[in-house]
$ cat target.pdb   # PDB, C-alpha atoms
MODEL        1
ATOM      1  CA  MET A 199     -20.912   0.236   4.497  1.00  0.00           C
ATOM      2  CA  SER A 200     -17.152   0.545   3.962  1.00  0.00           C
ATOM      3  CA  VAL A 201     -15.880   3.310   1.678  1.00  0.00           C
ATOM      4  CA  VAL A 202     -12.726   1.250   1.034  1.00  0.00           C
ATOM      5  CA  LEU A 203     -12.892  -0.437  -2.369  1.00  0.00           C
ATOM      6  CA  ASP A 204     -12.667  -4.212  -2.627  1.00  0.00           C
ATOM      7  CA  ARG A 205      -9.809  -5.375  -4.861  1.00  0.00           C
ATOM      8  CA  GLY A 206     -10.339  -9.064  -5.499  1.00  0.00           C
ATOM      9  CA  GLY A 207     -11.214  -9.989  -1.924  1.00  0.00           C
ATOM     10  CA  GLY A 208      -8.717  -7.624  -0.273  1.00  0.00           C
ATOM     11  CA  SER A 209      -8.130  -3.904   0.031  1.00  0.00           C
ATOM     12  CA  LEU A 210      -4.715  -3.528  -1.612  1.00  0.00           C
ATOM     13  CA  ASP A 211      -4.993  -1.014  -4.468  1.00  0.00           C
ATOM     14  CA  HIS A 212      -1.307  -0.827  -5.286  1.00  0.00           C
ATOM     15  CA  VAL A 213       2.060  -1.546  -3.739  1.00  0.00           C
ATOM     16  CA  ALA A 214       5.309   0.209  -4.569  1.00  0.00           C
ATOM     17  CA  LEU A 215       8.694  -1.368  -5.098  1.00  0.00           C
ATOM     18  CA  GLY A 216      11.426   1.176  -4.517  1.00  0.00           C
ATOM     19  CA  VAL A 217      14.313   1.207  -7.014  1.00  0.00           C
ATOM     20  CA  SER A 218      17.368   3.467  -7.123  1.00  0.00           C
ATOM     21  CA  ASP A 219      16.886   4.175 -10.854  1.00  0.00           C
ATOM     22  CA  THR A 220      13.499   3.920 -12.575  1.00  0.00           C
ATOM     23  CA  LEU A 221      14.583   2.663 -16.001  1.00  0.00           C
ATOM     24  CA  LYS A 222      17.092   0.205 -14.561  1.00  0.00           C
ATOM     25  CA  GLY A 223      14.436  -0.962 -12.087  1.00  0.00           C
ATOM     26  CA  VAL A 224      11.884  -1.475 -14.864  1.00  0.00           C
ATOM     27  CA  ARG A 225      14.427  -3.561 -16.803  1.00  0.00           C
ATOM     28  CA  ARG A 226      15.158  -5.612 -13.678  1.00  0.00           C
ATOM     29  CA  ILE A 227      11.448  -6.336 -13.195  1.00  0.00           C
ATOM     30  CA  ALA A 228      11.118  -7.251 -16.891  1.00  0.00           C
ATOM     31  CA  ASP A 229      13.936  -9.786 -16.481  1.00  0.00           C
ATOM     32  CA  LEU A 230      12.397 -11.258 -13.324  1.00  0.00           C
ATOM     33  CA  PHE A 231       8.800 -11.415 -14.606  1.00  0.00           C
ATOM     34  CA  GLY A 232       9.206 -12.098 -18.314  1.00  0.00           C
ATOM     35  CA  ILE A 233       6.876  -9.190 -19.203  1.00  0.00           C
ATOM     36  CA  GLU A 234       7.451  -5.520 -19.941  1.00  0.00           C
ATOM     37  CA  PRO A 235       6.149  -3.048 -17.318  1.00  0.00           C
ATOM     38  CA  ARG A 236       4.444   0.090 -18.595  1.00  0.00           C
ATOM     39  CA  VAL A 237       6.404   3.281 -17.967  1.00  0.00           C
ATOM     40  CA  GLY A 238       5.560   6.832 -18.963  1.00  0.00           C
ATOM     41  CA  GLU A 239       7.855   8.680 -21.313  1.00  0.00           C
ATOM     42  CA  LYS A 240       8.544  11.161 -18.526  1.00  0.00           C
ATOM     43  CA  PRO A 241       7.638  11.610 -14.847  1.00  0.00           C
ATOM     44  CA  GLU A 242       4.427  13.138 -13.599  1.00  0.00           C
ATOM     45  CA  PRO A 243       4.759  16.927 -13.347  1.00  0.00           C
ATOM     46  CA  GLU A 244       5.959  18.240  -9.982  1.00  0.00           C
ATOM     47  CA  GLN A 245       6.449  14.770  -8.500  1.00  0.00           C
ATOM     48  CA  PHE A 246       9.659  13.590  -6.837  1.00  0.00           C
ATOM     49  CA  TYR A 247       9.299  10.145  -8.418  1.00  0.00           C
ATOM     50  CA  TRP A 248       9.103   8.443 -11.808  1.00  0.00           C
ATOM     51  CA  SER A 249       7.379   5.086 -11.923  1.00  0.00           C
ATOM     52  CA  GLY A 250       6.525   2.090 -14.042  1.00  0.00           C
ATOM     53  CA  VAL A 251       3.436  -0.069 -13.570  1.00  0.00           C
ATOM     54  CA  VAL A 252       2.522  -3.760 -13.793  1.00  0.00           C
ATOM     55  CA  PRO A 253      -1.239  -4.540 -13.538  1.00  0.00           C
ATOM     56  CA  LEU A 254      -2.081  -7.330 -11.063  1.00  0.00           C
ATOM     57  CA  GLY A 255      -5.765  -7.801 -11.920  1.00  0.00           C
ATOM     58  CA  HIS A 256      -8.890  -6.760  -9.951  1.00  0.00           C
ATOM     59  CA  GLY A 257      -7.844  -3.098 -10.218  1.00  0.00           C
ATOM     60  CA  ARG A 258      -4.599  -3.680  -8.331  1.00  0.00           C
ATOM     61  CA  PHE A 259      -1.169  -2.854  -9.642  1.00  0.00           C
ATOM     62  CA  LEU A 260       2.517  -2.931  -8.841  1.00  0.00           C
ATOM     63  CA  GLU A 261       4.329   0.406  -8.955  1.00  0.00           C
ATOM     64  CA  ILE A 262       8.069   0.435  -9.684  1.00  0.00           C
ATOM     65  CA  LEU A 263       9.126   3.708  -8.133  1.00  0.00           C
ATOM     66  CA  GLY A 264      12.422   5.499  -8.578  1.00  0.00           C
ATOM     67  CA  PRO A 265      13.626   9.106  -8.324  1.00  0.00           C
ATOM     68  CA  ASN A 266      12.520  11.701 -10.854  1.00  0.00           C
ATOM     69  CA  PRO A 267      15.831  12.762 -12.468  1.00  0.00           C
ATOM     70  CA  ASP A 268      14.373  16.241 -13.073  1.00  0.00           C
ATOM     71  CA  TRP A 269      13.406  16.794  -9.431  1.00  0.00           C
ATOM     72  CA  GLN A 270      15.503  19.651  -8.091  1.00  0.00           C
ATOM     73  CA  GLY A 271      15.077  19.242  -4.378  1.00  0.00           C
ATOM     74  CA  SER A 272      14.948  16.810  -1.485  1.00  0.00           C
ATOM     75  CA  HIS A 273      12.412  14.219  -0.409  1.00  0.00           C
ATOM     76  CA  PRO A 274      12.663  11.647   2.409  1.00  0.00           C
ATOM     77  CA  MET A 275      11.585   8.803   0.103  1.00  0.00           C
ATOM     78  CA  ILE A 276      14.425   9.553  -2.326  1.00  0.00           C
ATOM     79  CA  ASP A 277      16.865   9.325   0.568  1.00  0.00           C
ATOM     80  CA  VAL A 278      15.569   5.796   1.230  1.00  0.00           C
ATOM     81  CA  ILE A 279      15.406   4.356  -2.296  1.00  0.00           C
ATOM     82  CA  ARG A 280      18.649   5.744  -3.721  1.00  0.00           C
ATOM     83  CA  HIS A 281      20.534   3.141  -1.644  1.00  0.00           C
ATOM     84  CA  PHE A 282      18.569   0.088  -2.864  1.00  0.00           C
ATOM     85  CA  ASP A 283      20.608  -2.534  -4.749  1.00  0.00           C
ATOM     86  CA  GLU A 284      17.459  -4.540  -5.590  1.00  0.00           C
ATOM     87  CA  PRO A 285      13.744  -3.627  -5.726  1.00  0.00           C
ATOM     88  CA  GLN A 286      12.227  -3.541  -2.233  1.00  0.00           C
ATOM     89  CA  PRO A 287       8.635  -3.129  -0.989  1.00  0.00           C
ATOM     90  CA  LEU A 288       8.249   0.471   0.076  1.00  0.00           C
ATOM     91  CA  PHE A 289       4.610   1.343   0.800  1.00  0.00           C
ATOM     92  CA  TRP A 290       1.078   0.314  -0.126  1.00  0.00           C
ATOM     93  CA  TYR A 291      -2.257   1.964  -0.833  1.00  0.00           C
ATOM     94  CA  VAL A 292      -5.924   1.292  -0.334  1.00  0.00           C
ATOM     95  CA  ALA A 293      -8.514   3.040  -2.504  1.00  0.00           C
ATOM     96  CA  THR A 294     -11.654   4.750  -1.272  1.00  0.00           C
ATOM     97  CA  GLN A 295     -14.740   6.009  -3.046  1.00  0.00           C
ATOM     98  CA  ASN A 296     -14.969   8.961  -0.626  1.00  0.00           C
ATOM     99  CA  ILE A 297     -11.744  10.250   0.910  1.00  0.00           C
ATOM    100  CA  ALA A 298     -13.549  12.914   2.956  1.00  0.00           C
ATOM    101  CA  GLU A 299     -15.672  10.275   4.682  1.00  0.00           C
ATOM    102  CA  PHE A 300     -12.621   8.047   5.111  1.00  0.00           C
ATOM    103  CA  ALA A 301     -10.673  10.962   6.638  1.00  0.00           C
ATOM    104  CA  SER A 302     -13.431  11.634   9.146  1.00  0.00           C
ATOM    105  CA  SER A 303     -13.523   8.001  10.262  1.00  0.00           C
ATOM    106  CA  ALA A 304      -9.735   7.725  10.450  1.00  0.00           C
ATOM    107  CA  SER A 305      -9.409  10.926  12.493  1.00  0.00           C
ATOM    108  CA  ALA A 306     -11.999   9.706  14.983  1.00  0.00           C
ATOM    109  CA  LEU A 307      -9.859   6.585  15.440  1.00  0.00           C
ATOM    110  CA  GLY A 308      -6.686   8.575  16.136  1.00  0.00           C
ATOM    111  CA  ALA A 309      -5.246   8.070  12.640  1.00  0.00           C
ATOM    112  CA  PRO A 310      -5.627  11.464  10.922  1.00  0.00           C
ATOM    113  CA  LEU A 311      -4.856  11.816   7.231  1.00  0.00           C
ATOM    114  CA  GLU A 312      -1.691  13.808   6.582  1.00  0.00           C
ATOM    115  CA  MET A 313      -0.177  15.387   3.455  1.00  0.00           C
ATOM    116  CA  GLN A 314      -3.500  15.195   1.566  1.00  0.00           C
ATOM    117  CA  GLN A 315      -3.053  16.432  -2.010  1.00  0.00           C
ATOM    118  CA  THR A 316      -5.007  16.385  -5.275  1.00  0.00           C
ATOM    119  CA  PHE A 317      -3.272  15.962  -8.623  1.00  0.00           C
ATOM    120  CA  HIS A 318      -4.551  16.494 -12.175  1.00  0.00           C
ATOM    121  CA  HIS A 319      -2.407  15.946 -15.247  1.00  0.00           C
ATOM    122  CA  GLU A 320      -2.398  14.552 -18.767  1.00  0.00           C
ATOM    123  CA  ARG A 321      -0.285  11.503 -19.545  1.00  0.00           C
ATOM    124  CA  GLU A 322      -0.019  10.530 -23.206  1.00  0.00           C
ATOM    125  CA  GLY A 323      -3.453  11.902 -23.997  1.00  0.00           C
ATOM    126  CA  VAL A 324      -5.147  10.419 -20.918  1.00  0.00           C
ATOM    127  CA  SER A 325      -6.428  12.494 -18.000  1.00  0.00           C
ATOM    128  CA  ILE A 326      -5.187  11.271 -14.622  1.00  0.00           C
ATOM    129  CA  SER A 327      -6.711  12.693 -11.450  1.00  0.00           C
ATOM    130  CA  TYR A 328      -6.595  11.569  -7.846  1.00  0.00           C
ATOM    131  CA  THR A 329      -6.475  12.679  -4.224  1.00  0.00           C
ATOM    132  CA  ASN A 330      -4.110  10.861  -1.902  1.00  0.00           C
ATOM    133  CA  ALA A 331      -2.919  11.057   1.684  1.00  0.00           C
ATOM    134  CA  VAL A 332      -0.847   9.311   4.334  1.00  0.00           C
ATOM    135  CA  ILE A 333      -2.742   7.648   7.163  1.00  0.00           C
ATOM    136  CA  GLY A 334      -1.003   9.163  10.193  1.00  0.00           C
ATOM    137  CA  PRO A 335       0.247  10.052  12.605  1.00  0.00           C
ATOM    138  CA  GLY A 336       3.618  10.069  10.854  1.00  0.00           C
ATOM    139  CA  PHE A 337       4.419   7.304   8.398  1.00  0.00           C
ATOM    140  CA  ARG A 338       4.511   3.548   8.975  1.00  0.00           C
ATOM    141  CA  SER A 339       5.184   1.355   5.944  1.00  0.00           C
ATOM    142  CA  THR A 340       2.855  -1.370   7.212  1.00  0.00           C
ATOM    143  CA  ARG A 341       0.005   1.141   7.504  1.00  0.00           C
ATOM    144  CA  PRO A 342      -1.431   2.024   4.084  1.00  0.00           C
ATOM    145  CA  CYS A 343      -1.703   5.337   2.343  1.00  0.00           C
ATOM    146  CA  VAL A 344      -5.108   6.089   0.844  1.00  0.00           C
ATOM    147  CA  ILE A 345      -6.188   7.279  -2.590  1.00  0.00           C
ATOM    148  CA  GLU A 346      -9.420   8.339  -4.242  1.00  0.00           C
ATOM    149  CA  TRP A 347      -9.153   7.942  -8.009  1.00  0.00           C
ATOM    150  CA  HIS A 348     -11.122  10.555  -9.937  1.00  0.00           C
ATOM    151  CA  SER A 349      -9.873   9.210 -13.273  1.00  0.00           C
ATOM    152  CA  ARG A 350      -7.165   6.730 -14.172  1.00  0.00           C
ATOM    153  CA  ARG A 351      -5.985   4.543 -17.031  1.00  0.00           C
ATOM    154  CA  GLU A 352      -8.483   1.879 -18.099  1.00  0.00           C
ATOM    155  CA  TRP A 353      -5.806  -0.827 -18.377  1.00  0.00           C
ATOM    156  CA  MET A 354      -5.198  -0.609 -14.630  1.00  0.00           C
ATOM    157  CA  ASP A 355      -8.403  -2.620 -14.240  1.00  0.00           C
ATOM    158  CA  ASP A 356      -7.487  -5.253 -16.849  1.00  0.00           C
ATOM    159  CA  ALA A 357      -6.590  -8.891 -16.202  1.00  0.00           C
ATOM    160  CA  SER A 358      -2.855  -9.474 -16.079  1.00  0.00           C
ATOM    161  CA  GLN A 359      -0.158 -12.049 -16.705  1.00  0.00           C
ATOM    162  CA  VAL A 360       1.150 -11.199 -13.230  1.00  0.00           C
ATOM    163  CA  THR A 361      -0.956 -12.107 -10.195  1.00  0.00           C
ATOM    164  CA  LEU A 362      -0.831 -11.267  -6.515  1.00  0.00           C
ATOM    165  CA  GLU A 363      -0.134 -14.529  -4.672  1.00  0.00           C
ATOM    166  CA  ARG A 364       0.590 -13.180  -1.192  1.00  0.00           C
ATOM    167  CA  PHE A 365       0.861  -9.812   0.528  1.00  0.00           C
ATOM    168  CA  GLU A 366       2.062 -10.084   4.118  1.00  0.00           C
ATOM    169  CA  LEU A 367       2.641  -7.441   6.764  1.00  0.00           C
ATOM    170  CA  MET A 368       4.335  -7.772  10.148  1.00  0.00           C
ATOM    171  CA  SER A 369       4.494  -5.171  12.909  1.00  0.00           C
ATOM    172  CA  PRO A 370       5.212  -5.008  16.632  1.00  0.00           C
ATOM    173  CA  ILE A 371       1.890  -3.136  16.932  1.00  0.00           C
ATOM    174  CA  ALA A 372      -0.074  -5.677  14.888  1.00  0.00           C
ATOM    175  CA  SER A 373      -2.999  -5.693  17.324  1.00  0.00           C
ATOM    176  CA  GLN A 374      -3.449  -1.911  17.048  1.00  0.00           C
ATOM    177  CA  LEU A 375      -3.186  -1.981  13.269  1.00  0.00           C
ATOM    178  CA  ASN A 376      -5.636  -4.861  12.920  1.00  0.00           C
ATOM    179  CA  THR A 377      -8.157  -2.986  15.069  1.00  0.00           C
ATOM    180  CA  LEU A 378      -7.683   0.173  12.994  1.00  0.00           C
ATOM    181  CA  PHE A 379      -8.011  -1.736   9.724  1.00  0.00           C
ATOM    182  CA  ARG A 380     -11.162  -3.499  10.895  1.00  0.00           C
ATOM    183  CA  GLU A 381     -12.787  -0.204  11.964  1.00  0.00           C
ATOM    184  CA  LEU A 382     -11.899   1.441   8.629  1.00  0.00           C
ATOM    185  CA  GLY A 383     -13.030  -1.519   6.516  1.00  0.00           C
ATOM    186  CA  ILE A 384      -9.482  -2.363   5.335  1.00  0.00           C
ATOM    187  CA  ARG A 385      -9.273  -6.081   4.546  1.00  0.00           C
ATOM    188  CA  GLN A 386      -5.654  -6.884   5.345  1.00  0.00           C
ATOM    189  CA  GLU A 387      -4.178  -8.832   8.259  1.00  0.00           C
ATOM    190  CA  VAL A 388      -1.019  -7.777  10.072  1.00  0.00           C
ATOM    191  CA  LYS A 389       1.028 -10.419  11.902  1.00  0.00           C
ATOM    192  CA  GLU A 390       2.949  -9.814  15.114  1.00  0.00           C
ATOM    193  CA  GLY A 391       6.694  -9.389  14.627  1.00  0.00           C
ATOM    194  CA  PRO A 392       9.371  -6.969  13.476  1.00  0.00           C
ATOM    195  CA  GLU A 393       8.191  -4.318  11.014  1.00  0.00           C
ATOM    196  CA  ALA A 394       8.286  -6.020   7.574  1.00  0.00           C
ATOM    197  CA  MET A 395       6.515  -6.297   4.225  1.00  0.00           C
ATOM    198  CA  THR A 396       6.514  -9.310   1.891  1.00  0.00           C
ATOM    199  CA  LEU A 397       5.066  -9.490  -1.607  1.00  0.00           C
ATOM    200  CA  VAL A 398       4.816 -12.708  -3.652  1.00  0.00           C
ATOM    201  CA  LEU A 399       3.765 -12.494  -7.305  1.00  0.00           C
ATOM    202  CA  GLY A 400       2.971 -15.129  -9.884  1.00  0.00           C
ATOM    203  CA  THR A 401       4.656 -14.312 -13.194  1.00  0.00           C
ATOM    204  CA  PRO A 402       5.246 -15.997 -16.581  1.00  0.00           C
ATOM    205  CA  LYS A 403       8.681 -16.969 -15.203  1.00  0.00           C
ATOM    206  CA  GLY A 404       7.323 -18.383 -11.922  1.00  0.00           C
ATOM    207  CA  GLN A 405       6.856 -16.977  -8.431  1.00  0.00           C
ATOM    208  CA  VAL A 406       8.886 -13.916  -7.471  1.00  0.00           C
ATOM    209  CA  GLU A 407       9.173 -12.740  -3.863  1.00  0.00           C
ATOM    210  CA  PHE A 408      10.121  -9.305  -2.570  1.00  0.00           C
ATOM    211  CA  SER A 409      10.656  -8.681   1.117  1.00  0.00           C
ATOM    212  CA  ALA A 410      12.050  -5.806   3.158  1.00  0.00           C
ATOM    213  CA  PRO A 411      12.068  -4.480   6.709  1.00  0.00           C
ATOM    214  CA  GLY A 412       9.410  -1.880   7.278  1.00  0.00           C
ATOM    215  CA  PHE A 413      10.208   1.560   8.609  1.00  0.00           C
ATOM    216  CA  VAL A 414       8.599   4.247  10.701  1.00  0.00           C
ATOM    217  CA  VAL A 415       8.892   8.036  10.422  1.00  0.00           C
ATOM    218  CA  GLU A 416       7.421   9.709  13.491  1.00  0.00           C
ATOM    219  CA  GLU A 417       6.949  13.051  11.745  1.00  0.00           C
ATOM    220  CA  ILE A 418       6.840  13.430   7.965  1.00  0.00           C
ATOM    221  CA  PRO A 419       9.178  16.189   6.754  1.00  0.00           C
ATOM    222  CA  MET A 420       7.673  18.221   3.936  1.00  0.00           C
ATOM    223  CA  PRO A 421       9.475  17.678   0.616  1.00  0.00           C
ATOM    224  CA  LYS A 422      11.345  20.656  -0.772  1.00  0.00           C
ATOM    225  CA  ALA A 423      11.862  21.610  -4.394  1.00  0.00           C
ATOM    226  CA  GLU A 424      14.217  24.305  -5.519  1.00  0.00           C
ATOM    227  CA  ALA A 425      12.732  27.263  -7.376  1.00  0.00           C
TER
ENDMDL
END
$ encode --input "target.pdb" --output "structure tokens"
Amino acid sequence: MSVVLDRGGGSLDHVALGVSDTLKGVRRIADLFGIEPRVGEKPEPEQFYWSGVVPLGHGRFLEILGPNPDWQGSHPMIDVIRHFDEPQPLFWYVATQNIAEFASSASALGAPLEMQQTFHHEREGVSISYTNAVIGPGFRSTRPCVIEWHSRREWMDDASQVTLERFELMSPIASQLNTLFRELGIRQEVKEGPEAMTLVLGTPKGQVEFSAPGFVVEEIPMPKAEA
């Protein structure tokens, strides 16, 4: 039995659009979709990012991710997104009900979990808690990260005015990724081709497509924050 959660017939839990400025990015998405994304009054504590959210139904959501203006340090993801003129697909997540069991299976398949961390914080009176990790080795945008939610906002599981119409991945190592996904119980196909990610959403203003080349980081540098 797979420990990866089913999200409406697939395994996508959430997908991030990178933006160079969170509030400007949220306004851009509002203009494109015709709905207002949810955004916290301030970033999560000790995180390099600040993000807004659009529910996509079936427990899935779109994350609009920009730099945390209070982050006093460096992070490789900030170096990528600060140059975006328009929102671009950045990474995606699957959710598991048991990250320890998932980690064991992934390691046995040559894809060890890296940068595993657990976060607990209060956001506007709601307790948020999760453990997440990168499926290694290194980082590949067409290979998902993984998260185990311990508690999250109830509205993330609500129906939505925005729907996931298509989520497409391409990679020159599609065969390897498809084998890995199948063994881990991840329901997502990867097509052969240059590294790329495409997201098509149905919105009150019609279909909106986001597409971007994928990228690979052979070794993940640890983020640094100034004291």
$ closest_residue --input "target.pdb" --among "A:Pro402, A:Met368, A:Thr377, A:Ala309" --to "Lys389 in chain A" --atoms "all atoms listed in the file"
A:Met368
$ residues_around --input "target.pdb" --residues "Gly208 in chain A" --least-positions-apart "5" --cutoff "9 Å" --atoms "all atoms listed in the file" --output "short mmCIF file (atom, residue, chain, number, x, y, z; two decimals) with C-alpha atoms, in the coordinates of the input"
data_model
loop_
_atom_site.label_atom_id
_atom_site.label_comp_id
_atom_site.auth_asym_id
_atom_site.auth_seq_id
_atom_site.Cartn_x
_atom_site.Cartn_y
_atom_site.Cartn_z
CA LEU A 203 -12.89 -0.44 -2.37
CA ILE A 384 -9.48 -2.36 5.34
CA ARG A 385 -9.27 -6.08 4.55
CA GLN A 386 -5.65 -6.88 5.34
#
$ closest_residue --input "target.pdb" --among "A:Val202, A:Val237, A:Ala228, A:Leu397" --to "Arg364 in chain A" --atoms "only C-alpha atoms"
A:Leu397
$ residues_near_point --input "target.pdb" --point "(-10.7, 14.6, -14.5)" --cutoff "8 Å" --atoms "all atoms listed in the file" --output "list of chain:residue names"
A:His318, A:Ser325, A:Ile326, A:Ser327, A:His348, A:Ser349
$ resolve_selection --input "target.pdb" --expression "the PyMOL selection byres ((chain A and resi 329) around 6)" --output "list in words"
Gln315, Thr316, Tyr328, Asn330, Ile345 and Glu346 of chain A
$ resolve_selection --input "target.pdb" --expression "the PyMOL selection byres ((chain A and resi 216) around 7)" --output "NGL selection string"
:A and (214-215 or 217-218 or 262-264 or 279 or 285-288)
$ closest_residue --input "target.pdb" --among "A:Ser373, A:Gln295, A:Asn266, A:Ser339" --to "Gly391 in chain A" --atoms "only C-alpha atoms"
A:Ser373
$ atom_distance --input "target.pdb" --atom1 "CA of Leu399 in chain A" --atom2 "CA of Leu375 in chain A"
24.1 Å
$ closest_residue --input "target.pdb" --among "A:Glu363, A:Ala372, A:Ser209, A:Gly223" --to "Asp283 in chain A" --atoms "all atoms listed in the file"
A:Gly223
$ atom_distance --input "target.pdb" --atom1 "CA of Gly257 in chain A" --atom2 "CA of Pro392 in chain A"
29.5 Å
$ closest_residue --input "target.pdb" --among "A:Glu244, A:Pro253, A:Thr220, A:Glu299" --to "Pro265 in chain A" --atoms "all atoms listed in the file"
A:Thr220
$ residues_around --input "target.pdb" --residues "range 210-212 of chain A" --least-positions-apart "6" --cutoff "10 Å" --atoms "all atoms listed in the file" --output "ChimeraX atom specification"
/A:202-204,251-254,256-261,289-294,342-345,362,365,384-386
$ resolve_selection --input "target.pdb" --expression "the PyMOL selection byres ((chain A and resi 408) around 6)" --output "number ranges by chain"
A: 396-397, 407, 409
$ write_last_selection --input "target.pdb" --atoms "C-alpha atoms" --output "PDB file, keeping the file's coordinate frame"
ATOM      1  CA  THR A 396       6.514  -9.310   1.891  1.00  0.00           C
ATOM      2  CA  LEU A 397       5.066  -9.490  -1.607  1.00  0.00           C
ATOM      3  CA  GLU A 407       9.173 -12.740  -3.863  1.00  0.00           C
ATOM      4  CA  SER A 409      10.656  -8.681   1.117  1.00  0.00           C
TER       5      SER A 409
END
